[in-house]
Amino acid sequence: MLIDPTIESDAFRLINLPTRRVHFAINSVRAKFAYVFTEDGQLHQLDVVKGEIANSLKLTDPYSMDGHWNDPRPRVAVAGDKIVVTDPLQGVLHLVDATSFEKTGDIAVEGKPFNIVSVGGSGQIHAGE
């Protein structure tokens, strides 16, 4: 759902996806885009200004939203120029470049990666007194 507060009537606009949404993340560096992972195993780059899918990339086998809410399903995290999508059934983290929207690699992990969080920070180096 896209909400445009500048429009008095019909400020809410539904954005159609090819299948149900599994997870999504926003891009704080590129505020124009959000990333939506859908049941068909695709990561979509959503242009939130236009309210449409700009690019799609197949990353995993299908994951269903049916079943228990706590079943392991892919999750998306964004940090700078990197998008990471977990693939619990394969024990892999898929890496995607946010600029080119191309897959750049995988990281194998043990177990079923259920959740992922990107953490960042900046600091200042102070000269000794």
# chains A, B, ... in the order shown; residues from 1 in each chain; ligands from 1
call {"tool": "residues_around", "arguments": {"residues": "His44 (chain A)", "least_positions_apart": "2", "cutoff": "6 Å", "atoms": "only C-alpha atoms", "output": "NGL selection string"}}
result
:A and (35-36 or 46 or 55-56)
call {"tool": "closest_atom_pairs", "arguments": {"of": "region 63-100 of chain A", "to": "region 115-118 of chain A", "cutoff": "9 Å", "atoms": "only C-alpha atoms", "output": "JSON lines"}}
result
{"residue": "A:Pro72", "atom": "CA", "partner": "A:Asn115", "partner_atom": "CA", "distance": 8.4}
{"residue": "A:Arg73", "atom": "CA", "partner": "A:Asn115", "partner_atom": "CA", "distance": 8.5}
{"residue": "A:Pro74", "atom": "CA", "partner": "A:Asn115", "partner_atom": "CA", "distance": 7.7}
{"residue": "A:Arg75", "atom": "CA", "partner": "A:Asn115", "partner_atom": "CA", "distance": 5.9}
{"residue": "A:Val76", "atom": "CA", "partner": "A:Ile116", "partner_atom": "CA", "distance": 7.0}
{"residue": "A:Ala77", "atom": "CA", "partner": "A:Ser118", "partner_atom": "CA", "distance": 6.0}
{"residue": "A:Val78", "atom": "CA", "partner": "A:Ser118", "partner_atom": "CA", "distance": 6.5}
{"residue": "A:Ala79", "atom": "CA", "partner": "A:Ser118", "partner_atom": "CA", "distance": 5.9}
{"residue": "A:Val84", "atom": "CA", "partner": "A:Ile116", "partner_atom": "CA", "distance": 8.3}
{"residue": "A:Val85", "atom": "CA", "partner": "A:Ile116", "partner_atom": "CA", "distance": 8.2}
{"residue": "A:Thr86", "atom": "CA", "partner": "A:Ile116", "partner_atom": "CA", "distance": 7.3}
call {"tool": "write_last_selection", "arguments": {"atoms": "all heavy atoms", "output": "CSV table (one decimal), in the first residue's frame"}}
result
chain,number,residue,atom,x,y,z
A,72,PRO,N,10.6,-21.0,9.5
A,72,PRO,CA,11.7,-20.2,8.9
A,72,PRO,C,11.4,-19.9,7.5
A,72,PRO,O,11.1,-20.7,6.7
A,72,PRO,CB,12.9,-21.1,9.0
A,72,PRO,CG,12.4,-22.5,9.4
A,72,PRO,CD,11.0,-22.4,9.8
A,73,ARG,N,11.4,-18.6,7.2
A,73,ARG,CA,11.2,-18.0,5.9
A,73,ARG,C,12.3,-16.9,5.6
A,73,ARG,O,12.8,-16.4,6.6
A,73,ARG,CB,9.8,-17.4,5.8
A,73,ARG,CG,8.7,-18.4,5.9
A,73,ARG,CD,7.3,-17.7,5.8
A,73,ARG,NE,6.3,-18.7,5.9
A,73,ARG,CZ,5.7,-19.0,7.1
A,73,ARG,NH1,6.0,-18.4,8.2
A,73,ARG,NH2,4.7,-19.9,7.1
A,74,PRO,N,12.5,-16.6,4.4
A,74,PRO,CA,13.5,-15.6,4.1
A,74,PRO,C,13.2,-14.2,4.7
A,74,PRO,O,12.0,-13.8,4.8
A,74,PRO,CB,13.4,-15.5,2.6
A,74,PRO,CG,13.0,-16.9,2.1
A,74,PRO,CD,12.0,-17.3,3.2
A,75,ARG,N,14.3,-13.6,5.1
A,75,ARG,CA,14.2,-12.2,5.6
A,75,ARG,C,15.2,-11.4,4.8
A,75,ARG,O,16.2,-11.8,4.3
A,75,ARG,CB,14.5,-12.2,7.1
A,75,ARG,CG,13.6,-13.0,8.0
A,75,ARG,CD,12.2,-12.4,8.1
A,75,ARG,NE,11.4,-13.1,9.0
A,75,ARG,CZ,10.4,-13.9,8.7
A,75,ARG,NH1,10.1,-14.1,7.5
A,75,ARG,NH2,9.7,-14.4,9.7
A,76,VAL,N,14.9,-10.1,4.8
A,76,VAL,CA,15.7,-9.1,4.0
A,76,VAL,C,16.3,-8.1,4.9
A,76,VAL,O,15.6,-7.6,5.8
A,76,VAL,CB,14.8,-8.4,3.0
A,76,VAL,CG1,15.6,-7.4,2.1
A,76,VAL,CG2,14.1,-9.4,2.1
A,77,ALA,N,17.5,-7.7,4.7
A,77,ALA,CA,18.2,-6.6,5.4
A,77,ALA,C,19.0,-5.8,4.4
A,77,ALA,O,19.5,-6.3,3.4
A,77,ALA,CB,19.1,-7.2,6.5
A,78,VAL,N,19.1,-4.5,4.7
A,78,VAL,CA,19.8,-3.6,3.8
A,78,VAL,C,20.8,-2.8,4.6
A,78,VAL,O,20.5,-2.3,5.7
A,78,VAL,CB,18.8,-2.6,3.1
A,78,VAL,CG1,19.6,-1.7,2.1
A,78,VAL,CG2,17.7,-3.4,2.4
A,79,ALA,N,22.0,-2.7,4.1
A,79,ALA,CA,23.1,-1.9,4.7
A,79,ALA,C,23.9,-1.3,3.7
A,79,ALA,O,24.6,-2.0,2.9
A,79,ALA,CB,23.9,-2.8,5.7
A,84,VAL,N,20.9,-8.3,1.8
A,84,VAL,CA,21.1,-9.6,2.2
A,84,VAL,C,19.7,-10.3,2.4
A,84,VAL,O,18.9,-9.8,3.1
A,84,VAL,CB,21.9,-9.7,3.4
A,84,VAL,CG1,22.2,-11.2,3.8
A,84,VAL,CG2,23.3,-9.0,3.3
A,85,VAL,N,19.6,-11.5,1.8
A,85,VAL,CA,18.3,-12.2,1.9
A,85,VAL,C,18.7,-13.6,2.5
A,85,VAL,O,19.5,-14.3,1.9
A,85,VAL,CB,17.6,-12.4,0.5
A,85,VAL,CG1,16.4,-13.2,0.7
A,85,VAL,CG2,17.3,-11.0,-0.1
A,86,THR,N,18.1,-14.0,3.6
A,86,THR,CA,18.3,-15.3,4.2
A,86,THR,C,17.6,-16.4,3.4
A,86,THR,O,16.5,-16.1,2.8
A,86,THR,CB,17.9,-15.4,5.6
A,86,THR,OG1,16.4,-15.2,5.7
A,86,THR,CG2,18.5,-14.3,6.5
call {"tool": "atom_distance", "arguments": {"atom1": "CA of His23 (chain A)", "atom2": "CA of Glu110 (chain A)"}}
result
21.5 Å
call {"tool": "residues_around", "arguments": {"residues": "Glu102 (chain A)", "least_positions_apart": "5", "cutoff": "12 Å", "atoms": "only C-alpha atoms", "output": "PDB file with C-alpha atoms, in the first residue's frame"}}
result
ATOM      1  CA  LEU A  43      13.356 -10.195  -4.513  1.00  0.00           C
ATOM      2  CA  HIS A  44      11.665  -7.117  -5.963  1.00  0.00           C
ATOM      3  CA  GLN A  45      13.031  -3.604  -6.022  1.00  0.00           C
ATOM      4  CA  ASN A  55      13.344  -4.807 -10.946  1.00  0.00           C
ATOM      5  CA  SER A  56      12.978  -8.435  -9.895  1.00  0.00           C
ATOM      6  CA  LEU A  57      15.600 -11.073  -9.142  1.00  0.00           C
ATOM      7  CA  LYS A  58      15.018 -14.806  -8.558  1.00  0.00           C
ATOM      8  CA  LEU A  59      17.006 -15.845  -5.460  1.00  0.00           C
ATOM      9  CA  ASP A  81      25.041  -0.824  -0.969  1.00  0.00           C
ATOM     10  CA  LYS A  82      24.290  -4.375   0.159  1.00  0.00           C
ATOM     11  CA  ILE A  83      21.027  -6.293   0.352  1.00  0.00           C
ATOM     12  CA  VAL A  84      21.090  -9.640   2.156  1.00  0.00           C
ATOM     13  CA  HIS A  94      22.233 -14.304  -0.688  1.00  0.00           C
ATOM     14  CA  LEU A  95      24.085 -11.037  -1.373  1.00  0.00           C
ATOM     15  CA  VAL A  96      22.679  -8.475  -3.812  1.00  0.00           C
ATOM     16  CA  ASP A  97      24.222  -5.178  -4.903  1.00  0.00           C
TER      17      ASP A  97
END
call {"tool": "select_by_dssp", "arguments": {"residues": "chain A", "states": "strand (DSSP E or B)", "output": "ChimeraX atom specification"}}
result
/A:2-3,12-13,21-26,33-38,42-47,52-58,76-79,82-87,92-97,102-108
call {"tool": "residues_around", "arguments": {"residues": "region 14-21 of chain A", "least_positions_apart": "3", "cutoff": "8 Å", "atoms": "only C-alpha atoms", "output": "list in words"}}
result
Met1, Leu2, Phe24, Val36, Phe37, Thr38, Glu39, Asp40, Gly51, Glu52 and Met65 of chain A
call {"tool": "write_last_selection", "arguments": {"atoms": "C-alpha atoms", "output": "compact mmCIF listing (two decimals), in the first residue's frame"}}
result
# COMPACT_ATOMS: atom_id res chain seq x y z
CA MET A 1 0.00 0.00 0.00
CA LEU A 2 1.41 3.37 -1.03
CA PHE A 24 10.38 -6.50 3.09
CA VAL A 36 10.07 -7.04 -1.13
CA PHE A 37 10.64 -10.79 -1.07
CA THR A 38 7.65 -12.79 -2.36
CA GLU A 39 6.54 -16.43 -2.11
CA ASP A 40 7.82 -17.23 -5.61
CA GLY A 51 4.41 2.70 -6.69
CA GLU A 52 5.63 -0.04 -9.00
CA MET A 65 3.26 -18.15 3.82
call {"tool": "closest_residue", "arguments": {"among": "A:Lys103, A:Ile26, A:Val119, A:Pro113", "to": "Asp71 (chain A)", "atoms": "only C-alpha atoms"}}
result
A:Pro113
